Amino acid sequence: MSRQIGTALLGLGRTAAALYVPALQAHPRYELVALSSSHAGRAAETAAARKIAHAYDDWREAVADPSVELVVVASAHDARAQQLREALRAGRHILTRVPFGDSRDEAAILLEAARETQRVAGAALPLRYLSAFQALRELVRGAHLGDARLAAWRQVSAAWHRAAAVHAVDALRWTLGGASSHIQRLEGERQLLLQMRNGADCASQLALDGRGATEDFSFSVSGSRRMALVVGDHPEDGELHVIEGDRDDEYALRPSRYQRFAAAHRLVPPLLELLDDLALAIDGNAMTAPALADAAAAMDATTWA
(Lines give C-alpha, C1' and ligand atoms only; values in the text may rest on other atoms or scores of the structure.)
Protein backbone atom coordinates (compact mmCIF):
# COMPACT_ATOMS: atom_id res chain seq x y z
CA MET A 1 0.00 0.00 0.00
CA SER A 2 1.16 3.56 -0.69
CA ARG A 3 2.38 5.65 2.20
CA GLN A 4 -0.14 7.17 4.58
CA ILE A 5 -0.71 10.91 4.65
CA GLY A 6 -0.50 12.35 8.16
CA THR A 7 -3.57 14.53 8.61
CA ALA A 8 -4.76 17.12 11.10
CA LEU A 9 -8.44 18.03 11.40
CA LEU A 10 -9.24 21.55 12.59
CA GLY A 11 -12.73 21.88 14.01
CA LEU A 12 -14.91 19.30 15.75
CA GLY A 13 -18.42 20.65 15.34
CA ARG A 14 -21.34 18.40 14.50
CA THR A 15 -20.48 18.00 10.80
CA ALA A 16 -16.77 17.51 11.35
CA ALA A 17 -17.30 14.88 14.03
CA ALA A 18 -19.92 12.99 12.00
CA LEU A 19 -18.35 13.29 8.55
CA TYR A 20 -14.64 14.08 8.49
CA VAL A 21 -13.46 12.00 11.43
CA PRO A 22 -14.98 8.70 10.18
CA ALA A 23 -14.01 9.40 6.56
CA LEU A 24 -10.38 10.16 7.36
CA GLN A 25 -10.13 7.14 9.65
CA ALA A 26 -11.76 4.82 7.11
CA HIS A 27 -9.56 5.77 4.16
CA PRO A 28 -6.40 3.65 3.89
CA ARG A 29 -4.26 6.51 2.51
CA TYR A 30 -4.81 8.86 5.45
CA GLU A 31 -3.73 8.69 9.05
CA LEU A 32 -5.65 11.10 11.24
CA VAL A 33 -2.87 12.01 13.65
CA ALA A 34 -4.09 15.30 15.17
CA LEU A 35 -7.31 17.04 16.16
CA SER A 36 -7.98 20.56 17.33
CA SER A 37 -11.08 22.28 18.63
CA SER A 38 -11.78 25.74 19.97
CA HIS A 39 -13.89 24.09 22.69
CA ALA A 40 -11.55 23.26 25.54
CA GLY A 41 -11.16 19.53 26.07
CA ARG A 42 -13.23 18.44 23.06
CA ALA A 43 -10.19 17.49 20.97
CA ALA A 44 -8.71 15.43 23.82
CA GLU A 45 -12.02 13.69 24.46
CA THR A 46 -12.52 12.81 20.78
CA ALA A 47 -8.90 11.75 20.34
CA ALA A 48 -9.13 9.38 23.28
CA ALA A 49 -12.38 7.88 22.02
CA ARG A 50 -11.13 7.48 18.44
CA LYS A 51 -7.52 6.52 19.30
CA ILE A 52 -5.97 9.56 17.61
CA ALA A 53 -2.43 10.39 18.70
CA HIS A 54 -2.52 14.16 19.27
CA ALA A 55 -5.13 16.63 20.50
CA TYR A 56 -4.75 20.41 20.65
CA ASP A 57 -6.91 23.23 21.94
CA ASP A 58 -4.81 25.64 19.83
CA TRP A 59 -5.13 24.88 16.10
CA ARG A 60 -1.70 26.42 15.43
CA GLU A 61 -0.11 23.55 17.34
CA ALA A 62 -1.93 21.03 15.16
CA VAL A 63 -0.71 22.79 12.00
CA ALA A 64 2.85 22.80 13.35
CA ASP A 65 2.80 19.13 14.34
CA PRO A 66 5.69 17.53 12.40
CA SER A 67 3.66 14.40 11.67
CA VAL A 68 1.10 16.44 9.70
CA GLU A 69 1.25 16.68 5.90
CA LEU A 70 -2.40 17.59 5.20
CA VAL A 71 -4.57 20.02 7.14
CA VAL A 72 -8.34 19.59 6.83
CA VAL A 73 -10.13 22.78 7.83
CA ALA A 74 -13.64 22.01 9.07
CA SER A 75 -13.87 24.76 11.66
CA ALA A 76 -16.36 27.61 11.89
CA HIS A 77 -16.59 29.75 8.77
CA ASP A 78 -14.96 32.86 10.22
CA ALA A 79 -11.81 30.94 11.22
CA ARG A 80 -11.14 29.10 7.95
CA ALA A 81 -9.27 31.71 5.93
CA GLN A 82 -6.67 32.36 8.62
CA GLN A 83 -6.19 28.65 9.27
CA LEU A 84 -5.73 27.95 5.56
CA ARG A 85 -3.16 30.74 5.23
CA GLU A 86 -1.18 29.42 8.19
CA ALA A 87 -1.34 25.84 6.94
CA LEU A 88 0.00 26.84 3.52
CA ARG A 89 2.69 28.97 5.14
CA ALA A 90 3.73 25.90 7.15
CA GLY A 91 4.07 23.90 3.91
CA ARG A 92 0.98 21.74 4.44
CA HIS A 93 -1.46 20.58 1.81
CA ILE A 94 -5.01 21.72 2.55
CA LEU A 95 -8.61 20.58 2.21
CA THR A 96 -11.34 22.96 3.34
CA ARG A 97 -15.05 23.12 3.90
CA VAL A 98 -16.83 25.84 1.96
CA PRO A 99 -17.27 28.74 1.98
CA PHE A 100 -13.79 29.64 3.17
CA GLY A 101 -13.60 33.44 3.06
CA ASP A 102 -15.57 36.66 3.27
CA SER A 103 -14.52 38.44 0.08
CA ARG A 104 -13.04 38.01 -3.38
CA ASP A 105 -9.83 39.61 -2.15
CA GLU A 106 -9.48 37.11 0.69
CA ALA A 107 -10.08 34.19 -1.68
CA ALA A 108 -7.56 35.62 -4.16
CA ILE A 109 -4.90 35.83 -1.44
CA LEU A 110 -5.42 32.17 -0.55
CA LEU A 111 -5.32 31.07 -4.19
CA GLU A 112 -2.07 32.96 -4.69
CA ALA A 113 -0.60 31.41 -1.53
CA ALA A 114 -1.44 27.94 -2.82
CA ARG A 115 0.25 28.72 -6.15
CA GLU A 116 3.35 30.14 -4.48
CA THR A 117 3.77 27.25 -2.05
CA GLN A 118 2.87 24.64 -4.72
CA ARG A 119 0.79 22.79 -2.16
CA VAL A 120 -2.31 20.83 -3.07
CA ALA A 121 -5.33 23.00 -2.22
CA GLY A 122 -8.59 21.06 -2.27
CA ALA A 123 -12.19 21.97 -1.52
CA ALA A 124 -14.61 19.58 0.17
CA LEU A 125 -17.26 19.46 -2.57
CA PRO A 126 -18.34 15.81 -2.39
CA LEU A 127 -21.59 16.16 -4.38
CA ARG A 128 -19.51 15.68 -7.54
CA TYR A 129 -18.88 12.11 -6.45
CA LEU A 130 -22.50 11.08 -5.99
CA SER A 131 -23.32 8.30 -8.45
CA ALA A 132 -26.41 10.08 -9.80
CA PHE A 133 -24.46 13.26 -10.49
CA GLN A 134 -21.60 11.44 -12.16
CA ALA A 135 -24.04 9.60 -14.42
CA LEU A 136 -25.89 12.83 -15.21
CA ARG A 137 -22.61 14.49 -16.15
CA GLU A 138 -21.78 11.61 -18.50
CA LEU A 139 -25.18 12.00 -20.17
CA VAL A 140 -24.64 15.74 -20.62
CA ARG A 141 -21.01 15.64 -21.70
CA GLY A 142 -21.63 12.72 -24.06
CA ALA A 143 -24.50 14.61 -25.72
CA HIS A 144 -26.89 11.76 -24.89
CA LEU A 145 -29.52 14.38 -24.09
CA GLY A 146 -28.75 16.36 -27.22
CA ASP A 147 -27.69 19.96 -26.74
CA ALA A 148 -28.23 21.04 -23.13
CA ARG A 149 -30.70 23.92 -23.16
CA LEU A 150 -31.99 24.35 -19.59
CA ALA A 151 -30.80 23.18 -16.18
CA ALA A 152 -32.71 23.65 -12.93
CA TRP A 153 -31.63 22.93 -9.35
CA ARG A 154 -34.38 23.11 -6.73
CA GLN A 155 -33.81 22.32 -3.08
CA VAL A 156 -36.26 22.79 -0.22
CA SER A 157 -35.07 22.13 3.31
CA ALA A 158 -36.00 22.81 6.89
CA ALA A 159 -32.47 24.14 7.41
CA TRP A 160 -30.67 27.05 5.77
CA HIS A 161 -26.92 27.03 5.18
CA ARG A 162 -25.00 29.35 2.89
CA ALA A 163 -22.74 26.42 2.08
CA ALA A 164 -25.64 24.67 0.32
CA ALA A 165 -25.60 27.33 -2.39
CA VAL A 166 -21.84 26.93 -2.95
CA HIS A 167 -22.20 23.15 -3.24
CA ALA A 168 -25.14 23.52 -5.62
CA VAL A 169 -23.43 26.01 -7.96
CA ASP A 170 -20.28 23.89 -8.08
CA ALA A 171 -22.24 20.73 -8.89
CA LEU A 172 -24.19 22.54 -11.59
CA ARG A 173 -21.05 24.04 -13.16
CA TRP A 174 -19.21 20.72 -12.99
CA THR A 175 -22.11 18.85 -14.59
CA LEU A 176 -22.67 21.30 -17.43
CA GLY A 177 -19.09 22.39 -18.01
CA GLY A 178 -17.85 25.92 -18.51
CA ALA A 179 -18.08 28.95 -16.30
CA SER A 180 -21.31 30.52 -15.12
CA SER A 181 -22.03 33.95 -16.55
CA HIS A 182 -24.83 36.54 -16.70
CA ILE A 183 -25.69 35.94 -13.05
CA GLN A 184 -28.87 37.47 -11.69
CA ARG A 185 -29.63 37.03 -8.03
CA LEU A 186 -32.65 37.43 -5.79
CA GLU A 187 -32.26 36.80 -2.08
CA GLY A 188 -34.78 36.77 0.72
CA GLU A 189 -34.80 35.46 4.26
CA ARG A 190 -33.58 31.85 4.04
CA GLN A 191 -34.04 31.90 0.26
CA LEU A 192 -31.78 32.27 -2.76
CA LEU A 193 -32.56 32.34 -6.48
CA LEU A 194 -29.81 32.48 -9.11
CA GLN A 195 -30.29 32.77 -12.86
CA MET A 196 -27.13 31.86 -14.79
CA ARG A 197 -25.86 30.79 -18.17
CA ASN A 198 -23.43 27.92 -18.61
CA GLY A 199 -21.61 27.89 -21.91
CA ALA A 200 -23.18 29.49 -24.96
CA ASP A 201 -26.66 27.99 -25.01
CA CYS A 202 -27.63 26.52 -21.63
CA ALA A 203 -29.62 28.64 -19.20
CA SER A 204 -29.58 27.47 -15.59
CA GLN A 205 -31.56 28.29 -12.50
CA LEU A 206 -30.81 27.52 -8.89
CA ALA A 207 -33.52 27.90 -6.23
CA LEU A 208 -32.87 27.20 -2.55
CA ASP A 209 -35.54 27.53 0.12
CA GLY A 210 -34.65 26.91 3.76
CA ARG A 211 -38.18 27.40 5.07
CA GLY A 212 -39.65 24.03 4.12
CA ALA A 213 -41.29 21.67 6.57
CA THR A 214 -39.97 18.70 4.59
CA GLU A 215 -36.92 17.94 2.44
CA ASP A 216 -37.25 17.95 -1.34
CA PHE A 217 -34.65 18.03 -4.10
CA SER A 218 -34.48 17.92 -7.88
CA PHE A 219 -31.80 18.65 -10.49
CA SER A 220 -32.88 18.49 -14.11
CA VAL A 221 -31.11 19.04 -17.42
CA SER A 222 -33.31 19.44 -20.50
CA GLY A 223 -31.65 18.76 -23.83
CA SER A 224 -32.78 19.00 -27.43
CA ARG A 225 -33.51 15.23 -27.48
CA ARG A 226 -34.48 14.24 -23.93
CA MET A 227 -34.35 15.28 -20.29
CA ALA A 228 -32.55 13.79 -17.29
CA LEU A 229 -33.69 14.37 -13.72
CA VAL A 230 -32.14 13.57 -10.34
CA VAL A 231 -34.86 13.58 -7.70
CA GLY A 232 -35.07 12.67 -4.02
CA ASP A 233 -35.33 14.10 -0.53
CA HIS A 234 -31.66 15.14 -0.61
CA PRO A 235 -28.96 15.24 -3.31
CA GLU A 236 -27.29 12.25 -1.64
CA ASP A 237 -30.27 9.93 -2.12
CA GLY A 238 -31.32 11.16 -5.56
CA GLU A 239 -32.46 8.74 -8.27
CA LEU A 240 -31.67 9.47 -11.91
CA HIS A 241 -34.46 9.33 -14.50
CA VAL A 242 -34.14 9.81 -18.25
CA ILE A 243 -37.34 11.13 -19.83
CA GLU A 244 -38.15 11.09 -23.52
CA GLY A 245 -41.69 11.91 -24.55
CA ASP A 246 -44.02 9.84 -22.37
CA ARG A 247 -41.27 7.39 -21.43
CA ASP A 248 -39.61 7.64 -18.02
CA ASP A 249 -36.68 5.27 -17.43
CA GLU A 250 -34.88 5.04 -14.10
CA TYR A 251 -31.15 5.00 -14.82
CA ALA A 252 -29.12 2.21 -13.23
CA LEU A 253 -26.45 3.72 -10.99
CA ARG A 254 -23.19 2.21 -9.87
CA PRO A 255 -23.01 2.01 -6.08
CA SER A 256 -20.06 3.69 -4.42
CA ARG A 257 -17.31 1.26 -3.46
CA TYR A 258 -17.46 2.99 -0.07
CA GLN A 259 -21.20 2.59 0.42
CA ARG A 260 -20.74 0.48 3.54
CA PHE A 261 -19.55 3.63 5.36
CA ALA A 262 -22.80 5.53 4.75
CA ALA A 263 -24.08 4.56 8.17
CA ALA A 264 -21.72 7.09 9.75
CA HIS A 265 -23.01 9.93 7.52
CA ARG A 266 -24.64 9.82 4.10
CA LEU A 267 -21.84 11.98 2.63
CA VAL A 268 -19.00 9.76 3.86
CA PRO A 269 -18.95 7.58 0.68
CA PRO A 270 -18.59 10.51 -1.78
CA LEU A 271 -16.10 12.21 0.54
CA LEU A 272 -13.99 9.04 0.55
CA GLU A 273 -13.97 9.10 -3.27
CA LEU A 274 -12.89 12.74 -3.16
CA LEU A 275 -10.09 11.74 -0.80
CA ASP A 276 -8.98 9.13 -3.39
CA ASP A 277 -8.37 11.91 -5.92
CA LEU A 278 -6.80 14.21 -3.34
CA ALA A 279 -4.27 11.53 -2.38
CA LEU A 280 -3.28 11.14 -6.03
CA ALA A 281 -2.66 14.88 -6.27
CA ILE A 282 -0.56 14.84 -3.10
CA ASP A 283 1.45 12.02 -4.70
CA GLY A 284 2.24 14.39 -7.58
CA ASN A 285 -0.42 13.45 -10.12
CA ALA A 286 -2.70 15.90 -11.89
CA MET A 287 -5.34 17.46 -9.66
CA THR A 288 -8.75 15.91 -10.32
CA ALA A 289 -10.27 16.55 -6.90
CA PRO A 290 -12.28 19.75 -6.47
CA ALA A 291 -9.81 22.58 -6.10
CA LEU A 292 -9.80 25.72 -3.98
CA ALA A 293 -10.24 27.68 -7.21
CA ASP A 294 -13.44 25.74 -7.98
CA ALA A 295 -14.88 26.68 -4.60
CA ALA A 296 -13.85 30.32 -5.11
CA ALA A 297 -15.70 30.37 -8.46
CA ALA A 298 -18.86 28.95 -6.87
CA MET A 299 -18.58 31.41 -3.99
CA ASP A 300 -18.28 34.22 -6.52
CA ALA A 301 -21.77 33.35 -7.79
CA THR A 302 -23.35 32.94 -4.36
CA THR A 303 -21.61 34.77 -1.57
CA TRP A 304 -20.46 37.93 -3.33
CA ALA A 305 -22.61 38.23 -6.48
# chains A, B, ... in the order shown; residues from 1 in each chain; ligands from 1
>>> closest_atom_pairs(of="region 80-117 of chain A", to="region 275-282 of chain A", cutoff="12 Å", atoms="only C-alpha atoms", output="CSV")
residue,atom,partner,partner_atom,distance
A:Arg92,CA,A:Ile282,CA,10.3
A:His93,CA,A:Ile282,CA,7.6
A:Ile94,CA,A:Leu278,CA,9.7
A:Leu95,CA,A:Leu278,CA,8.6
A:Thr96,CA,A:Leu278,CA,11.9
>>> residues_around(residues="region 102-118 of chain A", least_positions_apart="5", cutoff="8 Å", atoms="only C-alpha atoms", output="PyMOL selection string")
chain A and resi 78+81+84-85+88-89+91+292-293+296+300+303-304
>>> closest_residue(among="A:Arg97, A:Arg128, A:His167, A:Arg211", to="Pro270 (chain A)", atoms="only C-alpha atoms")
A:Arg128
>>> residues_around(residues="Tyr251 (chain A)", least_positions_apart="5", cutoff="8 Å", atoms="only C-alpha atoms", output="number ranges by chain")
A: 239-242
>>> write_last_selection(atoms="N, CA and C atoms", output="JSON list (two decimals), in the first residue's frame")
[["chain", "number", "residue", "atom", "x", "y", "z"],
["A", 239, "GLU", "N", -32.38, 9.73, -7.20],
["A", 239, "GLU", "CA", -32.46, 8.74, -8.27],
["A", 239, "GLU", "C", -32.42, 9.48, -9.61],
["A", 240, "LEU", "N", -31.80, 8.86, -10.60],
["A", 240, "LEU", "CA", -31.67, 9.47, -11.91],
["A", 240, "LEU", "C", -32.69, 8.87, -12.87],
["A", 241, "HIS", "N", -33.48, 9.74, -13.51],
["A", 241, "HIS", "CA", -34.46, 9.33, -14.50],
["A", 241, "HIS", "C", -34.13, 10.00, -15.84],
["A", 242, "VAL", "N", -34.29, 9.26, -16.91],
["A", 242, "VAL", "CA", -34.14, 9.81, -18.25],
["A", 242, "VAL", "C", -35.52, 9.80, -18.89]]
>>> closest_residue(among="A:Leu9, A:Ala121, A:Leu19, A:Ala47", to="Asp65 (chain A)", atoms="only C-alpha atoms")
A:Leu9
>>> closest_residue(among="A:Thr46, A:Thr7, A:Leu274, A:Leu32", to="Val71 (chain A)", atoms="only C-alpha atoms")
A:Thr7
>>> atom_distance(atom1="CA of Leu176 (chain A)", atom2="CA of Ala262 (chain A)")
27.2 Å
>>> residues_around(residues="Arg60 (chain A)", least_positions_apart="5", cutoff="10 Å", atoms="only C-alpha atoms", output="ChimeraX atom specification")
/A:10,36,65,83,86-87,90
